Amino acid sequence: MTEHLPILQIIVPLISAPVCVLLRRKMLTWAFSLMVSLAVLCMAAMLLQQVLESGPISYALGNWSAPWGIEYRVDVVNAFVLLLVSIIGAVVLLYAPSSVAKEIPHDRHYLFYTAYLLCLTGLLGITITGDAFNVFVFLEISALSSYMLISLGEDRRALTAAYQYLVMGTIGATFILIGIGLMYMMTGTLNMADLSSRLPSMHGSRTILVAFAFLIVGMSLKLALFPLHMWLPNAYCYAPSVVTAFLASTATKVSIYVFLRFVFTIFGVDFAFENLSLSTFLLPLSLIGIFVASTVAIFQTDIKRLLAYSSIAQIGYIMLGVGLVSATSLTGSIVHLFNHAMMKGGLFLAVGCIMLRIGSVDLADWQGLGRRMPVTMAAFVLCGLSLIGVPMTVGFVSKWYLILAALEQGLWPVALLVLMSSLLAVIYIWRVVETAYFQAPADGAAKVKEAPFLMQVSMWILTGATLFFGVSTSLTVGVAQRAAEWLLGGSQ
Amino acid sequence: MNPGLYNYWIVIVLMMIGFYATIARGNLIKKIIGLNIFQTSVFYLYISMGKVSGGTAPIVGDGITSYSNPLPHVLILTAIVVGVATTALGLALVVRINEAYGTIEEDDIFSQDQAS
């Protein structure tokens with residue numbers, strides 16, 4: 001049984017998605033998908049434990065061994081990402097029923113859960129597979145279902161946001177397809193391990209250079225690296241709250257994982273960062289991204305849009321760590337990948353609770369909310385502090401490693417810029433805090449209850465995680481360190 | 001021009017036509033058509049790379065020693081399915097957008113959003 005875990009991780013949610021269509025009943029499909037997502041979470045935890053104990057797992061699909069058949073390969077890096085995606089998948093589903101009931105028409109609930117499970121399958125599949133073409137297929141499974149999830153938003157602008165994301169996402173995925181095709185042309189293999197052993201001998205080839213360029217642009221589009229982030233704010237802003245929380249904490253994270261996998265494992269550090277000096281392109285873009293997106297976030301009045309721009313800035317931090325290419329900076333990136341998912345998930349879940357009760361995410365309607373919904377706002381503030389990087393929260397841990405990495409390489413201006421950009425985060429979080437705590441509620445504002453119990457529970461799971469992993473870093477940083485060493489070592 | 005690279009020239013021309021249409025057209029349906037042309041050019045790229053000169057179709061038979069690589073064809077079958085799904089979803093979204101806005105011109109949709 002346990003030797004089949006890698007495939008079960010994918011097959012279980014994949015088969016469950018059509019079952020949801022057959023079940024049809026609202027609560028039934030919810031209970032069923034929650035069960036599935038918990039099973040997926042258990043499997044991901046078991047996989048990570050196996051990998052930590054006994055090294056990478058290779059699984060040959062249908063018993064066709066590696067270079068011929070499709071191989072699923074689990075090492076420290078993707079086991080960690082798998083765990084992250086399945087934690088968020090389960091927590092958000094636990095949260096879903098009341099929020100979905102409010103924001104999505106009742107006759108479409110079962111379709112929502114179907115698309116949700118498909119999206120989860122796609123994201124897990126991208127992460128676990130060891131085959132380059134398989135990455136493309138799973139990328140499209142997750143992308144197509146997320147377009148559908150976004151279009152479920154109440155506002156008609158959700159439709160145009162989904163359409164815009166569809167066009168941009170398809171261009172990105174097709175670029176990745178071109179890159180994979182050109183690599184196959186030169187090497188005759190799609191297996192990642194095979195690719196990484198065959199590519200070094202043809203580093204001078206122009207075809208490989210073009211493949212690399214297409215892959216980098218395609219993946220940057222998918223992970224919303226500035227200036228290819230245009231699809232993100234609208235998509236996050238108009239999607240239903242549940243969908244925003246899920247996508248914001250998983251979709252871009254998985255794309256960053258794909259970036260790490262292709263650049264570090266397949267092409268190798270020597271090719272990407274020494275021959276082509278990818279850093280000279282990544283560092284400025286991520287720094288500009290951090291500053292531009294944080295500044296734009298300050299001027300938003302829609303809180304979901306504010307958080308969406310803050311997400312773009314956070315992606316900048318992660319890519320900054322990638323661009324610095326050292327064990328410390330990659331540790332910072334991978335930890336931030338996890339940490340950002342926890343805190344942004346927590347923030348969007350809090351926004352969802354408020355959306356459920358007062359029906360608005362406009363900053364002006366949040367006046368005095370600190371007194372009207374104290375528990376939810378407390379979670380929002382705690383996650384917000386983490387976004388700023390206050391000590392004892394996870395945001396501090398990842399920024400610490402990033403600054404440490406910048407100082408190690410003598411790049412003190414970069415360290416300084418990271419510190420300064422945190423001040424911008426202080427401003428945009430402060431605007432929300434000020435409105436919610438220091439302004440009296442508008443006259444005639446109806447009394448509101450706190451959100452239902454299950455929503456509170458899942459919101460506090462993520463908020464608790466941002467505090468817990470901010471103090472006890474052995475699990476996250478420990479695994480991230482091993483993952484960073486694995487990425488750097490795998491290429492030597 | 002090297003006649004051996006004829007296929008790839010076609011691929012590049014199609015790719016650019018499709019990409020241009022996707023970016024420059026304001027009509028949502030035309031954008032989807034552009035996207036389709038763009039994706040089709042990639043299908044051609046894959047099919048072209050599978051060709052072995054002088055090779056036949058990859059079917060086992062007497063006296064066949066050289067045959068084209070069938071793997072890219074199989075890969076592209078998957079990519080075609082993905083392309084069909086994307087087109088279908090894109091068109092479905094356009095229908096919904098048309099119902100909600102009464103237009104499928106990007107500029108009109110934008111000005112309606114600004115007005116509201």
# chains A, B, ... in the order shown; residues from 1 in each chain; ligands from 1
>>> closest_atom_pairs(of="chain B", to="chain A", cutoff="9 Å", atoms="only C-alpha atoms", output="CSV")
residue,atom,partner,partner_atom,distance
B:Phe19,CA,A:Ile171,CA,8.4
B:Thr22,CA,A:Val167,CA,7.8
B:Leu28,CA,A:Tyr163,CA,8.8
B:Lys31,CA,A:Val167,CA,8.1
B:Ile32,CA,A:Val167,CA,7.8
B:Leu35,CA,A:Val167,CA,7.5
B:Phe38,CA,A:Thr174,CA,8.3
B:Gln39,CA,A:Thr174,CA,6.7
B:Val42,CA,A:Ile178,CA,6.4
B:Leu45,CA,A:Gly181,CA,7.8
B:Tyr46,CA,A:Gly181,CA,6.4
B:Met49,CA,A:Met185,CA,6.4
B:Gly50,CA,A:Met185,CA,8.3
B:Pro72,CA,A:Gly181,CA,8.5
B:Leu75,CA,A:Phe133,CA,7.8
B:Thr78,CA,A:Val137,CA,7.8
B:Ala79,CA,A:Val137,CA,7.7
B:Val82,CA,A:Glu140,CA,7.0
B:Gly83,CA,A:Thr170,CA,8.9
B:Ala85,CA,A:Leu144,CA,8.0
B:Thr86,CA,A:Leu144,CA,6.9
B:Leu89,CA,A:Leu144,CA,7.7
B:Gly90,CA,A:Tyr163,CA,6.6
B:Leu93,CA,A:Leu159,CA,6.5
B:Val94,CA,A:Tyr163,CA,7.7
B:Arg96,CA,A:Leu159,CA,7.2
B:Ile97,CA,A:Leu159,CA,6.2
B:Ala100,CA,A:Arg156,CA,6.3
B:Tyr101,CA,A:Arg156,CA,8.0
B:Ile109,CA,A:Thr160,CA,8.5
B:Asp113,CA,A:Arg157,CA,7.7
>>> select_by_dssp(residues="segment 22-113 of chain B", states="alpha helix (DSSP H)", output="number ranges by chain")
B: 22-24, 28-50, 71-101, 106-113
>>> write_last_selection(atoms="C-alpha atoms", output="tab-separated table (two decimals), in the first residue's frame")
chain	number	residue	atom	x	y	z
B	22	THR	CA	-4.40	37.45	-29.19
B	23	ILE	CA	-2.73	40.63	-28.02
B	24	ALA	CA	-3.95	43.19	-30.52
B	28	LEU	CA	-13.01	38.44	-27.36
B	29	ILE	CA	-13.85	35.78	-29.96
B	30	LYS	CA	-11.01	36.93	-32.22
B	31	LYS	CA	-8.64	36.67	-29.28
B	32	ILE	CA	-9.67	33.04	-28.83
B	33	ILE	CA	-9.12	32.42	-32.55
B	34	GLY	CA	-5.67	33.95	-32.19
B	35	LEU	CA	-4.97	31.70	-29.22
B	36	ASN	CA	-6.00	28.70	-31.32
B	37	ILE	CA	-3.66	29.62	-34.16
B	38	PHE	CA	-0.88	30.12	-31.61
B	39	GLN	CA	-1.45	26.69	-30.08
B	40	THR	CA	-1.75	25.03	-33.50
B	41	SER	CA	1.65	26.36	-34.48
B	42	VAL	CA	3.11	24.55	-31.47
B	43	PHE	CA	1.38	21.35	-32.58
B	44	TYR	CA	3.15	21.73	-35.96
B	45	LEU	CA	6.43	22.25	-34.14
B	46	TYR	CA	6.06	18.95	-32.29
B	47	ILE	CA	4.89	17.00	-35.35
B	48	SER	CA	7.79	18.39	-37.42
B	49	MET	CA	10.38	17.34	-34.90
B	50	GLY	CA	9.12	13.76	-34.94
B	71	LEU	CA	6.11	10.02	-29.32
B	72	PRO	CA	5.65	13.70	-30.33
B	73	HIS	CA	2.41	12.69	-32.11
B	74	VAL	CA	1.09	11.14	-28.92
B	75	LEU	CA	2.14	14.16	-26.87
B	76	ILE	CA	0.39	16.48	-29.27
B	77	LEU	CA	-2.82	14.44	-29.11
B	78	THR	CA	-2.88	15.36	-25.42
B	79	ALA	CA	-2.08	18.98	-26.19
B	80	ILE	CA	-4.91	19.08	-28.78
B	81	VAL	CA	-7.35	17.86	-26.14
B	82	VAL	CA	-6.10	20.57	-23.80
B	83	GLY	CA	-6.50	23.13	-26.61
B	84	VAL	CA	-10.08	22.03	-27.29
B	85	ALA	CA	-10.91	22.28	-23.58
B	86	THR	CA	-9.38	25.76	-23.37
B	87	THR	CA	-11.30	26.92	-26.43
B	88	ALA	CA	-14.56	25.51	-25.11
B	89	LEU	CA	-14.09	27.16	-21.72
B	90	GLY	CA	-13.02	30.43	-23.33
B	91	LEU	CA	-16.08	30.48	-25.60
B	92	ALA	CA	-18.34	29.61	-22.66
B	93	LEU	CA	-16.91	32.58	-20.77
B	94	VAL	CA	-17.50	34.82	-23.81
B	95	VAL	CA	-21.17	33.71	-23.89
B	96	ARG	CA	-21.53	34.60	-20.19
B	97	ILE	CA	-19.73	37.92	-20.73
B	98	ASN	CA	-22.08	38.69	-23.60
B	99	GLU	CA	-25.07	37.95	-21.35
B	100	ALA	CA	-23.71	40.14	-18.56
B	101	TYR	CA	-22.42	43.09	-20.59
B	106	GLU	CA	-12.96	44.72	-24.88
B	107	ASP	CA	-13.18	48.53	-25.06
B	108	ASP	CA	-16.94	48.58	-24.43
B	109	ILE	CA	-16.58	46.20	-21.49
B	110	PHE	CA	-13.82	48.36	-20.07
B	111	SER	CA	-15.86	51.57	-20.36
B	112	GLN	CA	-18.89	49.86	-18.77
B	113	ASP	CA	-16.71	48.76	-15.85
>>> atom_distance(atom1="atom CA of Tyr59 of chain A", atom2="atom CA of Leu47 of chain A")
12.0 Å
>>> closest_residue(among="A:Leu462, A:Ile354, A:Val325, A:Val81", to="Thr476 of chain A", atoms="only C-alpha atoms")
A:Val81
>>> closest_residue(among="A:Ile150, A:Cys20, A:Leu83, A:Ile57", to="Pro240 of chain A", atoms="only C-alpha atoms")
A:Ile150
>>> atom_distance(atom1="atom CA of Leu369 of chain A", atom2="atom CA of Phe348 of chain A")
16.0 Å
>>> residues_around(residues="Val375 of chain A", least_positions_apart="2", cutoff="12 Å", atoms="only C-alpha atoms", output="MDAnalysis selection string")
chainID A and resid 350 353:354 369:373 377:382 449:453 455:457 459:460 463
>>> residues_around(residues="Gly4 of chain B", least_positions_apart="2", cutoff="12 Å", atoms="only C-alpha atoms", output="mmCIF file with C-alpha atoms, in the first residue's frame")
data_model
loop_
_atom_site.group_PDB
_atom_site.id
_atom_site.type_symbol
_atom_site.label_atom_id
_atom_site.label_comp_id
_atom_site.auth_asym_id
_atom_site.auth_seq_id
_atom_site.Cartn_x
_atom_site.Cartn_y
_atom_site.Cartn_z
ATOM 1 C CA MET B 1 16.658 29.591 -47.238
ATOM 2 C CA ASN B 2 17.352 26.025 -46.270
ATOM 3 C CA TYR B 6 10.618 25.059 -44.229
ATOM 4 C CA ASN B 7 8.299 23.610 -41.552
ATOM 5 C CA TYR B 8 9.848 25.721 -38.853
ATOM 6 C CA TRP B 9 9.386 28.919 -40.836
ATOM 7 C CA ILE B 10 5.692 28.092 -41.126
ATOM 8 C CA SER B 48 7.787 18.388 -37.416
ATOM 9 C CA MET B 49 10.377 17.342 -34.905
ATOM 10 C CA LYS B 51 9.792 13.363 -38.667
ATOM 11 C CA VAL B 52 12.808 11.271 -39.594
ATOM 12 C CA SER B 53 13.829 11.902 -43.201
#
>>> closest_residue(among="A:Leu48, A:Leu419, A:Val397, A:Leu349", to="Val477 of chain A", atoms="only C-alpha atoms")
A:Val397
>>> residues_around(residues="segment 408-410 of chain A", least_positions_apart="4", cutoff="9 Å", atoms="only C-alpha atoms", output="PyMOL selection string")
chain A and resi 324+326+328+403-404
>>> write_last_selection(atoms="C-alpha atoms", output="compact mmCIF listing (two decimals), in the first residue's frame")
# COMPACT_ATOMS: atom_id res chain seq x y z
CA LEU A 324 20.55 35.29 -4.77
CA SER A 326 22.86 30.43 -2.04
CA THR A 328 20.64 30.51 2.87
CA ILE A 403 18.49 39.51 4.63
CA LEU A 404 21.10 37.12 6.00
